[in-house]
Amino acid sequence: MTVAGEDDGDTLRVLVATDNHLGYLERDPIRGQDSFDAFAEILQLAREREVDMVLLGGDLFHDNRPSRRCLHQTLALLRQNCMGDRPVALEYLSDPVVDFGEQFPHVNYEDPNMNIALPVFSIHGNHDDPSGDGNLSALDVLGTSGMVNYFGRQAEVDSIRVSPVLLRKGRTHLALYGLGNVRDERLHRTIARKHLTMCQPAEHTDKWFNLMVLHQNRVAHGPKNHIPEHFLSRFLDLVVWGHEHQCQVDPEYNHQTTFYVTQPGSSVATALSSGEAEAKHVALLRIHHRNFRLEKIRLKNVRPFAIEDVVLAAVPALSPQSTEGEIIEYLRQRVESMIVRAQQEYQKQLDRGHPRIEPALGQQPKPLIRVRVEYSGGFESFHPQRFGLLFADRVANPRDIVYFYRKARAMSQGSQRTGSMTTQETQESRASVPAPVEAVHVESLISEFLDDSSMHMLVGLELAEAIRLFVQKGDNDAIAQSLKSTVADTQKRILAEAGDIKESTLVSEISKAQTRRRQAAKASGHGAVTAVSDDRMVAVTLTAKRTAINPTDRKAIKAFEQ
């Protein structure tokens, strides 16, 4: 790894963090302030270490539409830590209209109406991406307020052009490339088709340190549901990878692309998984000309978290004939030891943290505890919430301490051909008790409904995308807007292609327009749906309908209805 020189007038200092998830469980009486405490510490560290800027890698907010309380606390923290009389040593060199838009075309610390001492640059993630009326993100609110320099937003995801934010400190030149989250399948296809353009400075490209921040799946969840590192440009020097919550701050060198990758991970645990249980860090990046050094800093205000796996069949003192009380007692003892271990690790965390950062969680906060229990081999489960009552006043998550799952069966050759995953997380998601509804695919239900109806204008993929925005992003107008767009597009297509239309051929023309829109939706990467190619469906409902729900989904629906 290349090493930067000593701190001087040419050393550009950047504090790097990702996935802060502000507002996560904000109504929880115990954990409601955890995300804000960690973010406050990050900003305090930036001031204590006298960095030139803060770089955030997406998912600053947990909810796409954060509450007023969440926005208020976020703006208060930014105002307390980012405003002041300390001069900013960074010289801004690129086009502000390209970087930040036309409404406020300037970097915030050069705005004569602002008094910024600590610039914050951020891209959006998959949680706080633009959506809804006006296609705005919560980061647009922070950008308009002048507290954050929001960059990396793309107007068109099928043809992406990334222009760098150009900064200079002394003789060190930084080209900062930002790419806010795009659905992985769409971005994968865009890059594979060579429709991603990475712009470089017009002159002296060899003197710029090229830093990129993005927010995508790094770990493969399918053949196209991630972004391989070799998809990125080889002229980059360092890539800050957001979205993955496991902390892997130490730079990893990619010999194929010849750049380094750092993965800071999240600053607050949003899932009770082993990756979230790793120690939380942020990175202090020092850039000196074309060299860099990265220092990881342990966060102090992070709730302690201990996780263990228990296989009941491997415990000598237990057997399938053991009573529920015996199993509960064994797990109770395991949890007791985990609580002690979590508190010990927390004391080490406090000792390693910055001495001038106050412990916002106190000296002995309630820890997060997770025991993943495999009960295959004839064992019976019991109600996890009832077990949690034993520790209601001692742990932060008493309702879900214990997680029961059965060992997944070995895959058949057919399932192997479909690329089914066999990781621990996949086993848990499939075998958790009970979860019949999670097996039902929305696209299948929509396709089934549309096939059974006489509606020849709607496209399953478009409607599924609207439902996704309604559920995941809280966009109450998504479905209505989708229907309005469908009607308007159908009218436009018919008038452009058919001209004078007779009533007798209207249904046929509508169905033709639907077919073209279905093809366009499939090409745009909204998902997968079974396309109906039968030409006889254009005027009437099919007499011999096929079902779009597979047998597994149908069984799950029946089980749920019972």
# chains A, B, ... in the order shown; residues from 1 in each chain; ligands from 1
$ residues_around --residues "region 194-201 of chain A" --least-positions-apart "4" --cutoff "6 Å" --atoms "only C-alpha atoms" --output "PDB file with N, CA and C atoms, in the first residue's frame"
ATOM      1  N   SER A 159     -27.826   5.418 -19.212  1.00  0.00           N
ATOM      2  CA  SER A 159     -26.631   6.008 -19.812  1.00  0.00           C
ATOM      3  C   SER A 159     -26.066   6.987 -18.781  1.00  0.00           C
ATOM      4  N   ILE A 160     -25.008   6.574 -18.110  1.00  0.00           N
ATOM      5  CA  ILE A 160     -24.502   7.307 -16.946  1.00  0.00           C
ATOM      6  C   ILE A 160     -23.189   7.991 -17.303  1.00  0.00           C
ATOM      7  N   ARG A 161     -23.098   9.239 -16.902  1.00  0.00           N
ATOM      8  CA  ARG A 161     -21.881  10.008 -17.094  1.00  0.00           C
ATOM      9  C   ARG A 161     -21.466  10.560 -15.728  1.00  0.00           C
ATOM     10  N   VAL A 162     -20.321  10.144 -15.229  1.00  0.00           N
ATOM     11  CA  VAL A 162     -19.845  10.546 -13.907  1.00  0.00           C
ATOM     12  C   VAL A 162     -18.719  11.555 -14.081  1.00  0.00           C
ATOM     13  N   SER A 163     -18.990  12.794 -13.664  1.00  0.00           N
ATOM     14  CA  SER A 163     -17.982  13.849 -13.694  1.00  0.00           C
ATOM     15  C   SER A 163     -17.449  14.063 -12.283  1.00  0.00           C
ATOM     16  N   THR A 190     -26.042  -1.573 -17.451  1.00  0.00           N
ATOM     17  CA  THR A 190     -25.523  -0.333 -18.032  1.00  0.00           C
ATOM     18  C   THR A 190     -24.016  -0.406 -18.224  1.00  0.00           C
ATOM     19  N   THR A 205      -3.734  14.675 -16.269  1.00  0.00           N
ATOM     20  CA  THR A 205      -4.464  13.610 -15.588  1.00  0.00           C
ATOM     21  C   THR A 205      -3.582  12.811 -14.642  1.00  0.00           C
TER      22      THR A 205
END
$ residues_around --residues "region 371-378 of chain A" --least-positions-apart "5" --cutoff "12 Å" --atoms "only C-alpha atoms" --output "number ranges by chain"
A: 272-274, 305-315, 318-322, 327-328, 330-339, 384, 387-388, 397-398, 400-409, 424-425, 427-429, 431-433
$ closest_residue --among "A:Leu238, A:Val302, A:Ala317, A:Ile467" --to "Gln349 (chain A)" --atoms "only C-alpha atoms"
A:Val302
$ residues_around --residues "Val261 (chain A)" --least-positions-apart "5" --cutoff "8 Å" --atoms "only C-alpha atoms" --output "VMD selection string"
chain A and resid 238 to 241 251 to 254
$ select_by_dssp --residues "region 298-359 of chain A" --states "alpha helix (DSSP H)" --output "short mmCIF file (atom, residue, chain, number, x, y, z; two decimals) with C-alpha atoms, in the first residue's frame"
data_model
loop_
_atom_site.label_atom_id
_atom_site.label_comp_id
_atom_site.auth_asym_id
_atom_site.auth_seq_id
_atom_site.Cartn_x
_atom_site.Cartn_y
_atom_site.Cartn_z
CA GLU A 324 -38.47 -27.35 27.00
CA GLY A 325 -37.32 -26.21 30.43
CA GLU A 326 -33.94 -27.92 30.00
CA ILE A 327 -33.38 -26.29 26.60
CA ILE A 328 -34.41 -22.87 27.96
CA GLU A 329 -32.03 -23.23 30.89
CA TYR A 330 -29.13 -24.11 28.61
CA LEU A 331 -29.84 -21.11 26.35
CA ARG A 332 -30.30 -18.86 29.41
CA GLN A 333 -26.80 -19.70 30.59
CA ARG A 334 -25.40 -19.00 27.12
CA VAL A 335 -27.09 -15.61 27.05
CA GLU A 336 -25.78 -14.79 30.54
CA SER A 337 -22.20 -15.42 29.38
CA MET A 338 -22.80 -13.40 26.20
CA ILE A 339 -24.00 -10.40 28.22
CA VAL A 340 -20.82 -10.51 30.30
CA ARG A 341 -18.66 -10.79 27.16
CA ALA A 342 -20.51 -7.91 25.46
CA GLN A 343 -19.91 -5.65 28.47
CA GLN A 344 -16.22 -6.55 28.52
CA GLU A 345 -15.88 -5.72 24.83
CA TYR A 346 -17.69 -2.45 25.40
CA GLN A 347 -15.16 -1.41 28.04
CA LYS A 348 -12.37 -2.10 25.53
CA GLN A 349 -14.32 -0.05 23.00
CA LEU A 350 -14.43 2.90 25.40
CA ASP A 351 -10.71 2.59 26.15
CA ARG A 352 -9.79 2.60 22.44
#
$ decode --residues "region 316-386 of chain A" --atoms "C-alpha atoms" --output "CSV table (one decimal), in the first residue's frame"
chain,number,residue,atom,x,y,z
A,316,PRO,CA,-24.0,-33.2,24.9
A,317,ALA,CA,-26.4,-32.3,27.7
A,318,LEU,CA,-29.4,-32.1,25.4
A,319,SER,CA,-31.3,-34.6,23.3
A,320,PRO,CA,-34.6,-34.6,21.4
A,321,GLN,CA,-36.2,-36.0,24.5
A,322,SER,CA,-35.0,-33.0,26.6
A,323,THR,CA,-37.8,-30.9,28.1
A,324,GLU,CA,-38.5,-27.3,27.0
A,325,GLY,CA,-37.3,-26.2,30.4
A,326,GLU,CA,-33.9,-27.9,30.0
A,327,ILE,CA,-33.4,-26.3,26.6
A,328,ILE,CA,-34.4,-22.9,28.0
A,329,GLU,CA,-32.0,-23.2,30.9
A,330,TYR,CA,-29.1,-24.1,28.6
A,331,LEU,CA,-29.8,-21.1,26.4
A,332,ARG,CA,-30.3,-18.9,29.4
A,333,GLN,CA,-26.8,-19.7,30.6
A,334,ARG,CA,-25.4,-19.0,27.1
A,335,VAL,CA,-27.1,-15.6,27.1
A,336,GLU,CA,-25.8,-14.8,30.5
A,337,SER,CA,-22.2,-15.4,29.4
A,338,MET,CA,-22.8,-13.4,26.2
A,339,ILE,CA,-24.0,-10.4,28.2
A,340,VAL,CA,-20.8,-10.5,30.3
A,341,ARG,CA,-18.7,-10.8,27.2
A,342,ALA,CA,-20.5,-7.9,25.5
A,343,GLN,CA,-19.9,-5.7,28.5
A,344,GLN,CA,-16.2,-6.6,28.5
A,345,GLU,CA,-15.9,-5.7,24.8
A,346,TYR,CA,-17.7,-2.4,25.4
A,347,GLN,CA,-15.2,-1.4,28.0
A,348,LYS,CA,-12.4,-2.1,25.5
A,349,GLN,CA,-14.3,0.0,23.0
A,350,LEU,CA,-14.4,2.9,25.4
A,351,ASP,CA,-10.7,2.6,26.1
A,352,ARG,CA,-9.8,2.6,22.4
A,353,GLY,CA,-12.1,5.5,21.5
A,354,HIS,CA,-11.1,9.1,21.3
A,355,PRO,CA,-10.5,10.4,24.9
A,356,ARG,CA,-12.5,13.6,24.3
A,357,ILE,CA,-15.6,11.9,23.0
A,358,GLU,CA,-18.2,11.4,25.8
A,359,PRO,CA,-19.8,7.9,26.1
A,360,ALA,CA,-23.3,8.8,25.1
A,361,LEU,CA,-24.5,5.3,25.9
A,362,GLY,CA,-23.2,5.4,29.5
A,363,GLN,CA,-20.8,3.0,31.1
A,364,GLN,CA,-23.0,-0.2,30.9
A,365,PRO,CA,-25.6,0.1,28.2
A,366,LYS,CA,-28.0,-2.8,27.5
A,367,PRO,CA,-26.3,-4.9,24.8
A,368,LEU,CA,-27.7,-6.5,21.7
A,369,ILE,CA,-27.8,-10.3,22.0
A,370,ARG,CA,-28.5,-12.8,19.3
A,371,VAL,CA,-28.5,-16.6,19.6
A,372,ARG,CA,-29.1,-18.5,16.3
A,373,VAL,CA,-30.4,-21.9,17.3
A,374,GLU,CA,-30.5,-24.8,14.9
A,375,TYR,CA,-33.1,-27.3,16.2
A,376,SER,CA,-32.8,-30.0,13.5
A,377,GLY,CA,-32.8,-33.6,14.5
A,378,GLY,CA,-36.1,-33.9,16.4
A,379,PHE,CA,-35.9,-30.9,18.7
A,380,GLU,CA,-38.8,-28.6,19.2
A,381,SER,CA,-38.8,-24.8,19.3
A,382,PHE,CA,-40.5,-22.5,21.8
A,383,HIS,CA,-41.8,-18.9,21.6
A,384,PRO,CA,-38.7,-16.6,21.4
A,385,GLN,CA,-40.6,-13.6,22.9
A,386,ARG,CA,-41.4,-15.7,26.0
